[in-house]
Every structure is written in C-alpha cells, then in structure tokens.
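work-v4.pdb (PDB, C-alpha atoms)
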ATOM      1  CA  MET A1298     -11.979  10.599   3.161  1.00  0.00           C
ATOM      2  CA  ARG A1299      -8.802  12.095   4.588  1.00  0.00           C
ATOM      3  CA  PHE A1300      -5.366  10.901   3.546  1.00  0.00           C
ATOM      4  CA  CYS A1301      -1.772  11.934   4.155  1.00  0.00           C
ATOM      5  CA  LEU A1302       1.380  10.968   2.304  1.00  0.00           C
ATOM      6  CA  THR A1303       4.606  11.727   4.179  1.00  0.00           C
ATOM      7  CA  LYS A1304       7.839  11.794   2.190  1.00  0.00           C
ATOM      8  CA  ILE A1305      10.972  11.305   4.271  1.00  0.00           C
ATOM      9  CA  GLN A1306      13.667  13.544   2.829  1.00  0.00           C
ATOM     10  CA  THR A1307      17.270  12.376   3.359  1.00  0.00           C
ATOM     11  CA  ASP A1308      20.580  12.467   1.507  1.00  0.00           C
ATOM     12  CA  THR A1309      20.424   8.719   0.800  1.00  0.00           C
ATOM     13  CA  ASN A1310      19.284   6.926  -2.355  1.00  0.00           C
ATOM     14  CA  PHE A1311      16.849   4.104  -1.663  1.00  0.00           C
ATOM     15  CA  ARG A1312      15.250   1.206  -3.520  1.00  0.00           C
ATOM     16  CA  HIS A1313      11.838  -0.394  -3.205  1.00  0.00           C
ATOM     17  CA  ARG A1314      13.264  -3.253  -1.154  1.00  0.00           C
ATOM     18  CA  ASP A1315      14.115  -0.711   1.582  1.00  0.00           C
ATOM     19  CA  VAL A1316      10.398  -0.158   2.217  1.00  0.00           C
ATOM     20  CA  GLU A1317      10.082  -3.357   4.254  1.00  0.00           C
ATOM     21  CA  LYS A1318      13.164  -2.352   6.271  1.00  0.00           C
ATOM     22  CA  LEU A1319      11.537   1.010   7.013  1.00  0.00           C
ATOM     23  CA  ARG A1320       8.411  -0.791   8.216  1.00  0.00           C
ATOM     24  CA  GLY A1321      10.539  -2.958  10.483  1.00  0.00           C
ATOM     25  CA  PHE A1322      12.288   0.073  11.964  1.00  0.00           C
ATOM     26  CA  MET A1323       9.064   2.020  12.517  1.00  0.00           C
ATOM     27  CA  GLY A1324       7.318  -0.999  13.995  1.00  0.00           C
ATOM     28  CA  ASN A1325      10.107  -1.528  16.516  1.00  0.00           C
ATOM     29  CA  HIS A1326      10.576   2.157  17.284  1.00  0.00           C
ATOM     30  CA  PHE A1327       6.863   2.748  17.870  1.00  0.00           C
ATOM     31  CA  ILE A1328       6.088  -0.658  19.325  1.00  0.00           C
ATOM     32  CA  ASP A1329       3.280   0.769  21.490  1.00  0.00           C
ATOM     33  CA  GLN A1330       1.448   2.140  18.431  1.00  0.00           C
ATOM     34  CA  ASP A1331       0.120  -0.921  16.636  1.00  0.00           C
ATOM     35  CA  ILE A1332      -0.922   1.061  13.547  1.00  0.00           C
ATOM     36  CA  PHE A1333       2.753   1.027  12.573  1.00  0.00           C
ATOM     37  CA  HIS A1334       3.107  -2.763  12.619  1.00  0.00           C
ATOM     38  CA  ASN A1335      -0.355  -4.414  12.995  1.00  0.00           C
ATOM     39  CA  HIS A1336       0.918  -6.843  15.621  1.00  0.00           C
ATOM     40  CA  LYS A1337      -0.735  -7.702  18.907  1.00  0.00           C
ATOM     41  CA  GLY A1338       1.961  -8.575  21.414  1.00  0.00           C
ATOM     42  CA  ASP A1339       5.193 -10.152  20.210  1.00  0.00           C
ATOM     43  CA  TYR A1340       3.810 -12.788  17.863  1.00  0.00           C
ATOM     44  CA  GLU A1341       0.136 -12.314  17.066  1.00  0.00           C
ATOM     45  CA  PHE A1342      -0.680 -10.515  13.793  1.00  0.00           C
ATOM     46  CA  GLN A1343      -3.879  -8.472  13.490  1.00  0.00           C
ATOM     47  CA  TYR A1344      -5.683  -9.163  10.228  1.00  0.00           C
ATOM     48  CA  ARG A1345      -7.058  -5.739   9.444  1.00  0.00           C
ATOM     49  CA  PHE A1346      -6.687  -3.126   6.748  1.00  0.00           C
ATOM     50  CA  PRO A1347      -3.352  -1.304   7.242  1.00  0.00           C
ATOM     51  CA  LYS A1348      -4.208   2.347   7.887  1.00  0.00           C
ATOM     52  CA  VAL A1349      -0.517   3.243   7.930  1.00  0.00           C
ATOM     53  CA  GLN A1350       1.364   1.939   4.908  1.00  0.00           C
ATOM     54  CA  TYR A1351       4.948   2.199   3.689  1.00  0.00           C
ATOM     55  CA  LYS A1352       5.660   3.167   0.104  1.00  0.00           C
ATOM     56  CA  PHE A1353       8.399   4.077  -2.356  1.00  0.00           C
ATOM     57  CA  ILE A1354       7.321   7.104  -4.397  1.00  0.00           C
ATOM     58  CA  ASP A1355       9.491   9.493  -6.431  1.00  0.00           C
ATOM     59  CA  ASN A1356      12.568   7.595  -5.190  1.00  0.00           C
ATOM     60  CA  GLN A1357      11.721   8.475  -1.597  1.00  0.00           C
ATOM     61  CA  LEU A1358      10.605   6.359   1.336  1.00  0.00           C
ATOM     62  CA  CYS A1359       7.108   7.380   2.399  1.00  0.00           C
ATOM     63  CA  LEU A1360       4.374   6.669   4.906  1.00  0.00           C
ATOM     64  CA  PHE A1361       0.731   6.781   3.878  1.00  0.00           C
ATOM     65  CA  ALA A1362      -1.978   7.238   6.514  1.00  0.00           C
ATOM     66  CA  ILE A1363      -5.769   7.150   6.353  1.00  0.00           C
ATOM     67  CA  GLU A1364      -8.334   9.021   8.459  1.00  0.00           C
ATOM     68  CA  ASP A1365      -7.775   8.718  12.232  1.00  0.00           C
ATOM     69  CA  SER A1366      -4.254   7.357  11.752  1.00  0.00           C
ATOM     70  CA  ILE A1367      -2.998  10.617  10.231  1.00  0.00           C
ATOM     71  CA  GLU A1368      -2.506  12.538  13.485  1.00  0.00           C
ATOM     72  CA  ILE A1369      -0.874   9.544  15.182  1.00  0.00           C
ATOM     73  CA  MET A1370       1.537   9.142  12.276  1.00  0.00           C
ATOM     74  CA  GLN A1371       2.435  12.818  12.118  1.00  0.00           C
ATOM     75  CA  GLU A1372       2.926  13.197  15.863  1.00  0.00           C
ATOM     76  CA  SER A1373       5.125  10.102  15.974  1.00  0.00           C
ATOM     77  CA  LEU A1374       7.247  11.057  12.963  1.00  0.00           C
ATOM     78  CA  ARG A1375       7.923  14.527  14.340  1.00  0.00           C
ATOM     79  CA  LYS A1376       9.719  12.854  17.244  1.00  0.00           C
ATOM     80  CA  LEU A1377      12.226  11.229  14.880  1.00  0.00           C
ATOM     81  CA  ASP A1378      15.472  12.721  13.650  1.00  0.00           C
ATOM     82  CA  TYR A1379      16.686   9.555  11.908  1.00  0.00           C
ATOM     83  CA  ILE A1380      15.548   6.295  10.344  1.00  0.00           C
ATOM     84  CA  GLN A1381      17.455   3.044  10.307  1.00  0.00           C
ATOM     85  CA  ILE A1382      17.551   0.947   7.140  1.00  0.00           C
ATOM     86  CA  GLY A1383      19.384  -2.282   7.811  1.00  0.00           C
ATOM     87  CA  GLN A1384      22.573  -1.295   9.605  1.00  0.00           C
ATOM     88  CA  ASP A1385      22.502   2.281   8.307  1.00  0.00           C
ATOM     89  CA  LYS A1386      21.338   5.097  10.571  1.00  0.00           C
ATOM     90  CA  ILE A1387      20.169   7.890   8.280  1.00  0.00           C
ATOM     91  CA  GLU A1388      19.454  11.484   9.256  1.00  0.00           C
ATOM     92  CA  ILE A1389      16.046  12.883   8.367  1.00  0.00           C
ATOM     93  CA  LYS A1390      16.475  16.223   6.646  1.00  0.00           C
ATOM     94  CA  GLN A1391      12.793  17.046   6.345  1.00  0.00           C
ATOM     95  CA  LEU A1392       9.328  15.522   6.550  1.00  0.00           C
ATOM     96  CA  ASN A1393       6.991  16.577   3.758  1.00  0.00           C
ATOM     97  CA  PHE A1394       3.328  16.050   4.711  1.00  0.00           C
ATOM     98  CA  GLU A1395       0.832  16.032   1.845  1.00  0.00           C
ATOM     99  CA  GLU A1396      -2.666  16.019   3.317  1.00  0.00           C
ATOM    100  CA  TYR A1397      -5.682  15.788   1.037  1.00  0.00           C
ATOM    101  CA  LYS A1398      -9.260  14.604   0.740  1.00  0.00           C
ATOM    102  CA  ASP A1399     -10.437  12.202  -1.933  1.00  0.00           C
ATOM    103  CA  ASP A1400     -13.475  10.023  -2.548  1.00  0.00           C
ATOM    104  CA  PHE A1401     -13.257   6.251  -2.440  1.00  0.00           C
ATOM    105  CA  LYS A1402     -16.567   5.238  -3.960  1.00  0.00           C
ATOM    106  CA  VAL A1403     -18.372   3.425  -6.726  1.00  0.00           C
ATOM    107  CA  ASP A1404     -18.962   6.116  -9.331  1.00  0.00           C
ATOM    108  CA  THR A1405     -21.293   6.748 -12.248  1.00  0.00           C
ATOM    109  CA  ASP A1406     -18.232   7.490 -14.426  1.00  0.00           C
ATOM    110  CA  LEU A1407     -15.444   5.196 -15.540  1.00  0.00           C
ATOM    111  CA  HIS A1408     -11.842   5.874 -14.493  1.00  0.00           C
ATOM    112  CA  GLN A1409      -8.591   4.562 -15.929  1.00  0.00           C
ATOM    113  CA  TYR A1410      -5.613   3.602 -13.763  1.00  0.00           C
ATOM    114  CA  GLU A1411      -2.158   2.107 -14.053  1.00  0.00           C
ATOM    115  CA  PHE A1412      -0.106   0.205 -11.501  1.00  0.00           C
ATOM    116  CA  GLU A1413       2.904   2.248 -10.419  1.00  0.00           C
ATOM    117  CA  THR A1414       4.286  -0.684  -8.440  1.00  0.00           C
ATOM    118  CA  ILE A1415       3.849  -4.401  -8.972  1.00  0.00           C
ATOM    119  CA  TRP A1416       0.376  -5.686  -8.159  1.00  0.00           C
ATOM    120  CA  LEU A1417       0.407  -8.908  -6.145  1.00  0.00           C
ATOM    121  CA  ALA A1418      -2.947 -10.365  -7.135  1.00  0.00           C
ATOM    122  CA  LEU A1419      -2.398 -14.020  -6.213  1.00  0.00           C
ATOM    123  CA  ASN A1420      -1.829 -16.117  -3.123  1.00  0.00           C
ATOM    124  CA  GLN A1421      -0.400 -19.634  -3.047  1.00  0.00           C
ATOM    125  CA  GLU A1422      -3.840 -21.161  -3.368  1.00  0.00           C
ATOM    126  CA  ASN A1423      -4.968 -19.334  -6.484  1.00  0.00           C
ATOM    127  CA  TYR A1424      -1.552 -19.202  -8.188  1.00  0.00           C
ATOM    128  CA  SER A1425      -2.032 -22.759  -9.431  1.00  0.00           C
ATOM    129  CA  ARG A1426      -5.553 -21.938 -10.565  1.00  0.00           C
ATOM    130  CA  TYR A1427      -4.218 -18.909 -12.455  1.00  0.00           C
ATOM    131  CA  ARG A1428      -1.674 -21.082 -14.263  1.00  0.00           C
ATOM    132  CA  HIS A1429      -4.522 -23.357 -15.292  1.00  0.00           C
ATOM    133  CA  GLY A1430      -6.518 -20.424 -16.642  1.00  0.00           C
ATOM    134  CA  GLU A1431      -9.065 -20.519 -13.843  1.00  0.00           C
ATOM    135  CA  ILE A1432      -8.424 -17.046 -12.395  1.00  0.00           C
ATOM    136  CA  ASP A1433      -9.785 -13.890 -14.041  1.00  0.00           C
ATOM    137  CA  LEU A1434      -7.561 -10.926 -13.174  1.00  0.00           C
ATOM    138  CA  ASN A1435     -10.430  -8.538 -13.845  1.00  0.00           C
ATOM    139  CA  LYS A1436     -12.352 -10.339 -11.115  1.00  0.00           C
ATOM    140  CA  GLN A1437      -9.312 -10.044  -8.855  1.00  0.00           C
ATOM    141  CA  ILE A1438      -9.358  -6.253  -9.285  1.00  0.00           C
ATOM    142  CA  GLN A1439     -13.033  -6.220  -8.307  1.00  0.00           C
ATOM    143  CA  ASN A1440     -12.336  -8.410  -5.264  1.00  0.00           C
ATOM    144  CA  ASN A1441      -9.390  -6.233  -4.209  1.00  0.00           C
ATOM    145  CA  LEU A1442     -11.509  -3.083  -4.419  1.00  0.00           C
ATOM    146  CA  LEU A1443     -14.290  -4.723  -2.413  1.00  0.00           C
ATOM    147  CA  SER A1444     -11.742  -5.841   0.177  1.00  0.00           C
ATOM    148  CA  ASN A1445     -10.481  -2.254   0.553  1.00  0.00           C
ATOM    149  CA  PHE A1446     -14.037  -0.988   0.965  1.00  0.00           C
ATOM    150  CA  LYS A1447     -14.722  -3.568   3.676  1.00  0.00           C
ATOM    151  CA  GLY A1448     -11.393  -2.867   5.387  1.00  0.00           C
ATOM    152  CA  LEU A1449     -12.264   0.818   5.614  1.00  0.00           C
ATOM    153  CA  GLY A1450     -15.786   0.153   6.834  1.00  0.00           C
ATOM    154  CA  ILE A1451     -17.481   1.379   3.650  1.00  0.00           C
ATOM    155  CA  LYS A1452     -20.656  -0.423   2.661  1.00  0.00           C
ATOM    156  CA  VAL A1453     -21.021  -0.928  -1.094  1.00  0.00           C
ATOM    157  CA  GLU A1454     -24.303  -1.917  -2.693  1.00  0.00           C
ATOM    158  CA  GLU A1455     -23.490  -1.027  -6.295  1.00  0.00           C
ATOM    159  CA  ARG A1456     -21.805  -3.471  -8.634  1.00  0.00           C
ATOM    160  CA  ILE A1457     -18.038  -2.999  -8.995  1.00  0.00           C
ATOM    161  CA  MET A1458     -16.785  -3.309 -12.567  1.00  0.00           C
ATOM    162  CA  ALA A1459     -13.173  -3.580 -13.762  1.00  0.00           C
ATOM    163  CA  LYS A1460     -11.406  -4.571 -16.964  1.00  0.00           C
ATOM    164  CA  GLY A1461      -7.702  -4.311 -17.742  1.00  0.00           C
ATOM    165  CA  ASN A1462      -4.605  -5.399 -19.588  1.00  0.00           C
ATOM    166  CA  PHE A1463      -1.846  -6.918 -17.486  1.00  0.00           C
ATOM    167  CA  VAL A1464       1.663  -8.277 -17.978  1.00  0.00           C
ATOM    168  CA  GLU A1465       3.426 -10.653 -15.629  1.00  0.00           C
ATOM    169  CA  GLU A1466       6.271  -9.372 -13.451  1.00  0.00           C
ATOM    170  CA  THR A1467       8.399 -11.406 -11.041  1.00  0.00           C
ATOM    171  CA  VAL A1468       9.453  -9.951  -7.709  1.00  0.00           C
ATOM    172  CA  SER A1469      11.570 -11.367  -4.884  1.00  0.00           C
ATOM    173  CA  LEU A1470      10.406 -10.942  -1.302  1.00  0.00           C
ATOM    174  CA  LYS A1471      12.807 -12.246   1.329  1.00  0.00           C
ATOM    175  CA  ASP A1472      14.449 -14.342  -1.406  1.00  0.00           C
ATOM    176  CA  ILE A1473      11.094 -15.875  -2.372  1.00  0.00           C
ATOM    177  CA  LYS A1474      10.054 -15.255  -5.970  1.00  0.00           C
ATOM    178  CA  MET A1475       6.459 -14.147  -6.409  1.00  0.00           C
ATOM    179  CA  LEU A1476       4.397 -13.522  -9.517  1.00  0.00           C
ATOM    180  CA  GLY A1477       2.949 -10.048  -9.852  1.00  0.00           C
ATOM    181  CA  PHE A1478       1.537  -7.854 -12.580  1.00  0.00           C
ATOM    182  CA  LYS A1479       1.834  -4.384 -14.095  1.00  0.00           C
ATOM    183  CA  GLY A1480      -0.645  -2.809 -16.482  1.00  0.00           C
ATOM    184  CA  THR A1481      -3.719  -0.620 -16.771  1.00  0.00           C
ATOM    185  CA  PHE A1482      -7.398  -1.050 -16.006  1.00  0.00           C
ATOM    186  CA  ILE A1483     -10.723   0.753 -16.202  1.00  0.00           C
ATOM    187  CA  THR A1484     -13.208   0.685 -13.343  1.00  0.00           C
ATOM    188  CA  ASN A1485     -16.306   2.462 -12.095  1.00  0.00           C
ATOM    189  CA  VAL A1486     -14.596   3.063  -8.754  1.00  0.00           C
ATOM    190  CA  ASN A1487     -12.922   6.356  -7.890  1.00  0.00           C
ATOM    191  CA  ILE A1488      -9.669   5.264  -6.232  1.00  0.00           C
ATOM    192  CA  PRO A1489      -7.837   7.860  -4.123  1.00  0.00           C
ATOM    193  CA  ARG A1490      -4.263   8.848  -4.931  1.00  0.00           C
ATOM    194  CA  TYR A1491      -1.563   6.559  -3.527  1.00  0.00           C
ATOM    195  CA  MET A1492      -4.037   3.826  -2.570  1.00  0.00           C
ATOM    196  CA  SER A1493      -2.878   0.262  -3.238  1.00  0.00           C
ATOM    197  CA  LEU A1494      -4.653  -2.917  -4.263  1.00  0.00           C
ATOM    198  CA  GLY A1495      -3.873  -6.548  -3.590  1.00  0.00           C
ATOM    199  CA  LYS A1496      -1.434  -8.201  -1.250  1.00  0.00           C
ATOM    200  CA  ARG A1497       1.444  -6.545   0.633  1.00  0.00           C
ATOM    201  CA  GLN A1498      -0.169  -3.116   0.478  1.00  0.00           C
ATOM    202  CA  SER A1499       1.548  -2.326   3.754  1.00  0.00           C
ATOM    203  CA  ILE A1500       4.945  -2.336   2.021  1.00  0.00           C
ATOM    204  CA  GLY A1501       4.049  -0.479  -1.136  1.00  0.00           C
ATOM    205  CA  PHE A1502       2.893  -3.034  -3.668  1.00  0.00           C
ATOM    206  CA  GLY A1503      -0.056  -2.412  -5.952  1.00  0.00           C
ATOM    207  CA  ILE A1504      -0.029   1.423  -5.904  1.00  0.00           C
ATOM    208  CA  VAL A1505      -2.483   2.752  -8.511  1.00  0.00           C
ATOM    209  CA  LYS A1506      -2.331   6.037 -10.391  1.00  0.00           C
ATOM    210  CA  LYS A1507      -5.135   7.659 -12.358  1.00  0.00           C
ATOM    211  CA  ILE A1508      -4.336   8.272 -16.047  1.00  0.00           C
TER     212      ILE A1508
END
Starting from the file, give its structure as structure tokens.
Amino acid sequence: MRFCLTKIQTDTNFRHRDVEKLRGFMGNHFIDQDIFHNHKGDYEFQYRFPKVQYKFIDNQLCLFAIEDSIEIMQESLRKLDYIQIGQDKIEIKQLNFEEYKDDFKVDTDLHQYEFETIWLALNQENYSRYRHGEIDLNKQIQNNLLSNFKGLGIKVEERIMAKGNFVEETVSLKDIKMLGFKGTFITNVNIPRYMSLGKRQSIGFGIVKKI
C-alpha cells in the first residue's frame, strides 16, 4: 500500500491539542474535498475510514494520506502558504512529503508495537463494561485492526492475534475527559508506519510504532 506523511514546517511550537484545530482549518479551507473533513454537506457526517488524517509527530503538525488520497492531499497543500490554528495565522516554511510503501497484512511473523499517542479503545457503551471487567483490551486491539482492514477494503481470512500490556491515561477532548491507554502489544499483523488504531484516528490518537 502507498502512504504519505506530510510534515508542516513552521516557526511555531505546537501541542497535540492543535491537531483538531488543524483539521478544522483544512476542512473549511478545502470544503469541496471531503477527504479533508469526511462531511457530506453542512451537517451530515460520512462514516468511513479517514484516508487523510491529522497527526502530531516530532513536535510538528502533520497530514497522513493513504493510497488515492495522496495526490489530492499534496496538490491541495501546495496551494497553501499558511495554516490557521485558532486565531493565529501561521506561515508555512516548508512541506516535507515522506512517501513510502508498506504492507498492511496478517503475517506469519509476530511484531511488537508501542502506542506513540494515547489509544482511545472505548466508547461510552463499553466504558462501563470495561470498568466491570467485561472488556478485554487484547480483543479491542484485534477488533481495531479488523476495522482498519475493512475500512481500507482489505479482506482478511486469517485469524488476527494480539496481546499487550496497557496503562490507563486520561485525555481531555473539548473539555470532556476520556479514558485512553498507552503501552505495548504483540500481534501477527504488520502495521504500516504512522497508522493509528481505535477512535479519533483522524486527529492523531492511537498512533503505533514498531519496536
């Protein structure tokens, strides 16, 4: 599969919470390109795998594109000379495109990963079940991987395995506290660089890194 990570080089220091602001700016600026915002019209949200995602990597704001979204992302970004984060209009000094190919597949080997950003494994429904010991986080990893496969149109017939060690982390999103996790896991899936798992992938949560 083809991937591209674009790092937006500026003279400004950012934080992870600026990722959602970047998504808002890009979505409004490129309103006619729904890959940037996944909305249909003014109010209807399209429930599909986000093929353009926003991330915070190496203290830089980034966009991550998959397959046919790469050219659209690059062409659109080249038209920009600034980004707006909140009320701040920030000059773009340089766009660094890192294009690469990587396999997203169930493998015969085992691979070990760590979460670089907080993994949001739970929704409101299964949060209560987790607190009652009814949710297996290893199973959640498997489900998240299967969801990514389905979202990218990849048919999987092999069994997905995953086992990890996780610690709870609390994160605030729009002043709402959510429970997330950091940690490491082993799986028989080869996960491409910069891919995310779980909820809020579009704004940089759940980024995994091979170790």
Discussion item. One decimal, in Å: what's the spacing between atom CA of A:Gly1450 and atom CA of A:Phe1412?
Written reply: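 Atom CA of A:Phe1412 lies 24.1 Å from atom CA of A:Gly1450.
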Worksheet item: stretch 1437-1440 of chain A: which residues within 7 Å, counting all atoms listed in the file, same-chain residues fewer than 6 positions away excluded, as an MDAnalysis selection string?
Response: chainID A and resid 1418 1457:1459
Worksheet item: Written as a PyMOL selection string, what is the full residue list that the PyMOL selection byres ((chain A and resi 1441) around 12) yields on the file shown?
Response: chain A and resi 1346+1416-1419+1434-1440+1442-1448+1457-1459+1486+1488+1492-1498+1503
Practice prompt. Between A:Asp1308, A:Asp1385, A:Asp1406, A:Asp1472, single out the one closest to A:Gln1357, counting all atoms listed in the file.
Written response: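 Among the listed residues, the smallest separation from A:Gln1357 belongs to A:Asp1308.
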Fill in: Picked residues, the PyMOL selection byres ((chain A and resi 1303) around 7), expected as a ChimeraX atom specification
/A:1301-1302,1304-1305,1359-1361,1392-1395
Practice prompt. Evaluate the PyMOL selection byres ((chain A and resi 1480) around 8) on the structure here and hand back the selected residues as a PyMOL selection string.
Written response: chain A and resi 1411-1412+1461-1464+1478-1479+1481-1482
Discussion item. When you count all atoms listed in the file, which of these residues is closest to A:Tyr1351: A:Gly1501, A:Gly1477, A:Gly1321, A:Gly1383?
Written reply: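 For A:Tyr1351, the nearest of the candidates is A:Gly1501.
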Worksheet item: What is the atom CA of A:Gln1306 to atom CA of A:Lys1352 distance in Å?
Response: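 Between these atoms lies a distance of 13.4 Å.
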Practice prompt. For a cut-off of 12 Å around (11.9, -6.2, 13.0), file coordinates, pick out all residues using only C-alpha atoms and list them as an MDAnalysis selection string.
Written response: chainID A and resid 1317:1328 1333:1334 1336 1339:1340 1381:1383
